[in-house]
Amino acid sequence: MQRMEDLPRRLKRGDPAAFDEFHRAYSGRLLRFVTRLVGLRDAEDLAQEVYVRVLRSLPAYREEQRFESWLFTIANHLCVDAHRRRRATVEPLGVEAPRRYEPDWAAARREQFEAVLAELRGLPFEQRQVFILREDAGLSFKEIARTLDEPLGTVLARMKYAMDRLRARLSPREVKEHAV
Amino acid sequence: MPCDRFAEIRLLHAYGEVESPDFETHLATCVECRAEAREIDEVRGVYHSEPPPAPLRAPDAKRLPLAGWAAAAAAGVVAVTGWFLMQPAPRQMPVTPVGSEARLMSGVSIDRQIASVRERLRILRITEKDF
């Protein structure tokens with residue numbers, strides 16, 4: 001079993017096993033990322049678009065970049081395009097989640113999770129985007145700032161507002177409405 | 001009244017992206033900042049409590065032969081298309097006279113290749129849902 005760290009290099013070499021590995025490692029995460037960021041409608045098509053774009057862009061990938069950062073930056077760009085095309089509507093997020101619930105996942109925890117997802121869905125796109133890039137894509141705040149071409153302070157402010165809303169949902173208290 | 005000190009550092013610290021002895025000293029004495037840090041951890045814990053996403057894959061081929069076929073087809077198409085997409089200037093691929101995959105790649109446009117992988121992946125996804 002080759003190491004995941006070698007995956008980009010093996011992908012660039014055209015190793016067929018690496019494509020299969022890439023598919024297993026990232027297809028589910030990409031679909032979840034897209035679904036949570038832009039909604040369920042057309043999420044699978046969009047995830048596949050991301051997939052194709054990533055494979056097509058591999059020759060341009062530089063190994064000094066963190067692979068996941070590069071990968072989810074591409075996904076983010078396509079999601080932003082999709083969001084602009086259909087700005088008016090946001091489909092429910094995480095609708096498919098119930099099918100994946102584990103039997104031993106405590107009901108209380110599940111309720112909290114659904115509450116957080118519902119709150120996330122209601123956030124302005126820019127706040128949801130920063131939250132998902134941090135939590136689902138695993139980008140650092142500096143990487144997010146570079147990806148979005150925004151100052152780090154703006155990224156942190158969006159994250160703070162998003163986090164305040166989610167915290168308030170779990171621990172109800174006074175909440176201020178924000179827009180950044 | 002929320003604490004307004006270390007505004008930018010608080011989140012970076014919560015995510016382990018900065019070390020700040022000054023903030024850590026402050027955290028030891030500020031009830032508001034400690035509560036915020038605890039609640040951020042809670043939100044993250046809840047958010048990541050969902051099981052990790054499954055890859056887009058087909059179920060057991062023995063139980064669903066069609067889905068098994070779709071999995072094999074899609075895996076093959078992913079590999080072939082991945083290789084194909086990476087080739088520089090892929091307008092005209094060299095003709096390799098052996099193997100159905102080679103023939104598939106040789107005379108078909110990249111758009112048709114992409115359409116093919118999309119279709120296979122769509123079939124794959126549908127069979128997974130049905131399962």
# chains A, B, ... in the order shown; residues from 1 in each chain; ligands from 1

call {"tool": "interface_residues", "arguments": {"of": "chain A", "to": "chain B", "cutoff": "8 Å", "atoms": "only C-alpha atoms", "output": "PyMOL selection string"}}
result
chain A and resi 12+14-17+19-20+23-29+32+44-45+48+52+55-59+100-102+109-110+112-113+116-117+135+140-141+153+156-157+160+163+166-167+170-171

call {"tool": "write_last_selection", "arguments": {"atoms": "C-alpha atoms", "output": "PDB file, in the first residue's frame"}}
result
ATOM      1  CA  LYS A  12       0.662  12.913 -12.201  1.00  0.00           C
ATOM      2  CA  GLY A  14      -0.720   8.369 -14.555  1.00  0.00           C
ATOM      3  CA  ASP A  15      -0.693   5.379 -12.211  1.00  0.00           C
ATOM      4  CA  PRO A  16      -4.154   3.751 -12.654  1.00  0.00           C
ATOM      5  CA  ALA A  17      -4.198   2.503  -9.054  1.00  0.00           C
ATOM      6  CA  PHE A  19      -6.875   7.170  -9.664  1.00  0.00           C
ATOM      7  CA  ASP A  20      -8.809   4.446  -7.913  1.00  0.00           C
ATOM      8  CA  HIS A  23     -11.671   8.172  -6.056  1.00  0.00           C
ATOM      9  CA  ARG A  24     -12.022   6.230  -2.812  1.00  0.00           C
ATOM     10  CA  ALA A  25     -10.393   8.931  -0.711  1.00  0.00           C
ATOM     11  CA  TYR A  26     -12.046  12.019  -2.103  1.00  0.00           C
ATOM     12  CA  SER A  27     -15.236  11.327  -4.053  1.00  0.00           C
ATOM     13  CA  GLY A  28     -17.406  11.140  -0.931  1.00  0.00           C
ATOM     14  CA  ARG A  29     -15.770  14.171   0.651  1.00  0.00           C
ATOM     15  CA  ARG A  32     -20.399  16.301   0.846  1.00  0.00           C
ATOM     16  CA  GLU A  44     -23.705  15.099  -7.900  1.00  0.00           C
ATOM     17  CA  ASP A  45     -23.246  16.716 -11.293  1.00  0.00           C
ATOM     18  CA  GLN A  48     -18.363  15.187 -10.936  1.00  0.00           C
ATOM     19  CA  VAL A  52     -13.056  16.106 -13.912  1.00  0.00           C
ATOM     20  CA  LEU A  55      -7.972  15.396 -12.982  1.00  0.00           C
ATOM     21  CA  ARG A  56      -7.628  17.762 -15.894  1.00  0.00           C
ATOM     22  CA  SER A  57      -5.638  20.245 -13.814  1.00  0.00           C
ATOM     23  CA  LEU A  58      -3.216  17.714 -12.359  1.00  0.00           C
ATOM     24  CA  PRO A  59      -0.363  18.667 -14.709  1.00  0.00           C
ATOM     25  CA  ARG A 100     -25.941   7.241   6.643  1.00  0.00           C
ATOM     26  CA  TYR A 101     -26.768   7.436  10.323  1.00  0.00           C
ATOM     27  CA  GLU A 102     -25.136   4.751  12.370  1.00  0.00           C
ATOM     28  CA  ARG A 109     -26.280  13.901  19.264  1.00  0.00           C
ATOM     29  CA  ARG A 110     -28.118  13.449  16.003  1.00  0.00           C
ATOM     30  CA  GLN A 112     -27.720  18.526  17.721  1.00  0.00           C
ATOM     31  CA  PHE A 113     -26.045  17.678  14.457  1.00  0.00           C
ATOM     32  CA  VAL A 116     -26.128  22.709  13.422  1.00  0.00           C
ATOM     33  CA  LEU A 117     -26.696  21.752   9.778  1.00  0.00           C
ATOM     34  CA  GLU A 135     -14.244  22.223   8.697  1.00  0.00           C
ATOM     35  CA  SER A 140      -6.230  26.678   7.434  1.00  0.00           C
ATOM     36  CA  PHE A 141      -7.531  30.224   7.772  1.00  0.00           C
ATOM     37  CA  GLY A 153      -9.178  39.452   9.108  1.00  0.00           C
ATOM     38  CA  LEU A 156     -11.790  35.332  10.568  1.00  0.00           C
ATOM     39  CA  ALA A 157     -14.696  37.759  10.903  1.00  0.00           C
ATOM     40  CA  LYS A 160     -16.654  34.268  13.904  1.00  0.00           C
ATOM     41  CA  MET A 163     -19.495  30.198  14.687  1.00  0.00           C
ATOM     42  CA  LEU A 166     -23.879  27.836  15.488  1.00  0.00           C
ATOM     43  CA  ARG A 167     -22.867  28.256  19.117  1.00  0.00           C
ATOM     44  CA  LEU A 170     -26.478  24.765  20.578  1.00  0.00           C
ATOM     45  CA  SER A 171     -26.352  27.054  23.605  1.00  0.00           C
TER      46      SER A 171
END

call {"tool": "select_by_dssp", "arguments": {"residues": "chain A", "states": "alpha helix (DSSP H)", "output": "PyMOL selection string"}}
result
chain A and resi 7-13+16-38+43-57+67-85+97-100+107-121+125-135+141-148+152-170

call {"tool": "closest_residue", "arguments": {"among": "A:His77, A:Arg9, A:Arg85, A:Arg36", "to": "Gln65 (chain A)", "atoms": "only C-alpha atoms"}}
result
A:Arg9

call {"tool": "residues_around", "arguments": {"residues": "Arg128 (chain A)", "least_positions_apart": "5", "cutoff": "7 Å", "atoms": "only C-alpha atoms", "output": "number ranges by chain"}}
result
A: 37, 120, 123, 162

call {"tool": "write_last_selection", "arguments": {"atoms": "C-alpha atoms", "output": "PDB file, in the first residue's frame"}}
result
ATOM      1  CA  LEU A  37     -21.895  24.586   0.255  1.00  0.00           C
ATOM      2  CA  LEU A 120     -25.412  26.362   8.641  1.00  0.00           C
ATOM      3  CA  LEU A 123     -25.980  31.407   6.985  1.00  0.00           C
ATOM      4  CA  ALA A 162     -20.796  31.747  11.504  1.00  0.00           C
TER       5      ALA A 162
END

call {"tool": "residues_around", "arguments": {"residues": "Ile74 (chain A)", "least_positions_apart": "2", "cutoff": "8 Å", "atoms": "only C-alpha atoms", "output": "PyMOL selection string"}}
result
chain A and resi 50+53-54+70-72+76-78

call {"tool": "write_last_selection", "arguments": {"atoms": "C-alpha atoms", "output": "PDB file, in the first residue's frame"}}
result
ATOM      1  CA  VAL A  50     -15.033  19.088  -9.735  1.00  0.00           C
ATOM      2  CA  ARG A  53     -11.566  19.565 -13.385  1.00  0.00           C
ATOM      3  CA  VAL A  54      -9.180  18.224 -10.758  1.00  0.00           C
ATOM      4  CA  TRP A  70      -5.341  22.649  -4.028  1.00  0.00           C
ATOM      5  CA  LEU A  71      -8.154  20.143  -4.500  1.00  0.00           C
ATOM      6  CA  PHE A  72     -10.734  21.984  -2.429  1.00  0.00           C
ATOM      7  CA  ASN A  76     -14.662  25.985  -4.077  1.00  0.00           C
ATOM      8  CA  HIS A  77     -14.236  27.895  -7.349  1.00  0.00           C
ATOM      9  CA  LEU A  78     -16.736  25.665  -9.121  1.00  0.00           C
TER      10      LEU A  78
END

call {"tool": "residues_around", "arguments": {"residues": "Phe125 (chain A)", "least_positions_apart": "4", "cutoff": "9 Å", "atoms": "only C-alpha atoms", "output": "VMD selection string"}}
result
chain A and resid 37 to 38 83 121 129 to 130

call {"tool": "write_last_selection", "arguments": {"atoms": "C-alpha atoms", "output": "CSV table (one decimal), in the first residue's frame"}}
result
chain,number,residue,atom,x,y,z
A,37,LEU,CA,-21.9,24.6,0.3
A,38,VAL,CA,-24.4,25.0,-2.6
A,83,HIS,CA,-23.8,29.6,-6.5
A,121,ARG,CA,-27.9,26.3,5.8
A,129,GLN,CA,-18.2,29.0,2.7
A,130,VAL,CA,-15.5,29.9,5.2

call {"tool": "atom_distance", "arguments": {"atom1": "CA of Leu11 (chain A)", "atom2": "CA of Tyr51 (chain A)"}}
result
13.0 Å

call {"tool": "atom_distance", "arguments": {"atom1": "CA of Phe33 (chain A)", "atom2": "CA of Glu49 (chain A)"}}
result
13.1 Å

call {"tool": "decode", "arguments": {"residues": "region 13-44 of chain B", "atoms": "N, CA and C atoms", "output": "tab-separated table (two decimals), in the first residue's frame"}}
result
chain	number	residue	atom	x	y	z
B	13	HIS	N	-6.47	30.47	17.70
B	13	HIS	CA	-6.04	29.65	18.83
B	13	HIS	C	-6.94	28.42	18.98
B	14	ALA	N	-8.24	28.63	18.83
B	14	ALA	CA	-9.18	27.51	18.98
B	14	ALA	C	-8.91	26.42	17.95
B	15	TYR	N	-8.39	26.82	16.79
B	15	TYR	CA	-8.10	25.84	15.73
B	15	TYR	C	-6.63	25.44	15.71
B	16	GLY	N	-5.91	25.84	16.73
B	16	GLY	CA	-4.51	25.44	16.82
B	16	GLY	C	-3.62	26.04	15.76
B	17	GLU	N	-4.00	27.22	15.26
B	17	GLU	CA	-3.21	27.82	14.18
B	17	GLU	C	-2.30	28.94	14.67
B	18	VAL	N	-2.29	29.17	15.95
B	18	VAL	CA	-1.38	30.19	16.49
B	18	VAL	C	-1.05	29.83	17.93
B	19	GLU	N	0.16	30.21	18.32
B	19	GLU	CA	0.53	30.08	19.73
B	19	GLU	C	0.68	31.48	20.28
B	20	SER	N	-0.01	31.73	21.37
B	20	SER	CA	0.05	33.07	21.94
B	20	SER	C	0.06	32.96	23.47
B	21	PRO	N	1.24	33.05	24.05
B	21	PRO	CA	1.32	32.98	25.52
B	21	PRO	C	0.47	34.08	26.18
B	22	ASP	N	0.41	35.24	25.55
B	22	ASP	CA	-0.40	36.33	26.13
B	22	ASP	C	-1.87	35.92	26.19
B	23	PHE	N	-2.35	35.35	25.09
B	23	PHE	CA	-3.76	34.95	25.08
B	23	PHE	C	-4.00	33.81	26.07
B	24	GLU	N	-3.07	32.89	26.15
B	24	GLU	CA	-3.26	31.77	27.09
B	24	GLU	C	-3.29	32.26	28.53
B	25	THR	N	-2.51	33.28	28.82
B	25	THR	CA	-2.57	33.88	30.16
B	25	THR	C	-3.94	34.51	30.38
B	26	HIS	N	-4.40	35.22	29.34
B	26	HIS	CA	-5.72	35.85	29.44
B	26	HIS	C	-6.82	34.79	29.59
B	27	LEU	N	-6.69	33.72	28.83
B	27	LEU	CA	-7.71	32.66	28.85
B	27	LEU	C	-7.87	32.06	30.25
B	28	ALA	N	-6.77	32.00	30.96
B	28	ALA	CA	-6.82	31.41	32.31
B	28	ALA	C	-7.67	32.22	33.27
B	29	THR	N	-7.87	33.49	32.94
B	29	THR	CA	-8.61	34.35	33.88
B	29	THR	C	-9.93	34.87	33.31
B	30	CYS	N	-10.17	34.69	32.01
B	30	CYS	CA	-11.38	35.28	31.40
B	30	CYS	C	-12.46	34.22	31.21
B	31	VAL	N	-13.52	34.38	31.96
B	31	VAL	CA	-14.62	33.41	31.91
B	31	VAL	C	-15.26	33.40	30.52
B	32	GLU	N	-15.45	34.57	29.92
B	32	GLU	CA	-16.10	34.67	28.61
B	32	GLU	C	-15.30	33.93	27.54
B	33	CYS	N	-14.01	34.17	27.54
B	33	CYS	CA	-13.16	33.54	26.51
B	33	CYS	C	-13.11	32.02	26.70
B	34	ARG	N	-13.10	31.60	27.95
B	34	ARG	CA	-13.10	30.14	28.19
B	34	ARG	C	-14.40	29.52	27.72
B	35	ALA	N	-15.52	30.22	27.98
B	35	ALA	CA	-16.82	29.71	27.55
B	35	ALA	C	-16.87	29.64	26.02
B	36	GLU	N	-16.34	30.67	25.38
B	36	GLU	CA	-16.34	30.68	23.91
B	36	GLU	C	-15.52	29.50	23.37
B	37	ALA	N	-14.34	29.31	23.94
B	37	ALA	CA	-13.49	28.21	23.48
B	37	ALA	C	-14.18	26.87	23.67
B	38	ARG	N	-14.87	26.73	24.79
B	38	ARG	CA	-15.56	25.47	25.07
B	38	ARG	C	-16.70	25.25	24.06
B	39	GLU	N	-17.42	26.33	23.77
B	39	GLU	CA	-18.55	26.20	22.84
B	39	GLU	C	-18.10	25.95	21.40
B	40	ILE	N	-16.98	26.54	21.03
B	40	ILE	CA	-16.43	26.26	19.70
B	40	ILE	C	-16.08	24.77	19.60
B	41	ASP	N	-15.46	24.26	20.62
B	41	ASP	CA	-15.13	22.82	20.64
B	41	ASP	C	-16.40	21.99	20.53
B	42	GLU	N	-17.45	22.44	21.19
B	42	GLU	CA	-18.70	21.68	21.17
B	42	GLU	C	-19.31	21.67	19.77
B	43	VAL	N	-19.35	22.85	19.15
B	43	VAL	CA	-19.89	22.94	17.78
B	43	VAL	C	-19.10	22.02	16.85
B	44	ARG	N	-17.79	22.09	16.97
B	44	ARG	CA	-16.96	21.26	16.08
B	44	ARG	C	-17.17	19.77	16.37
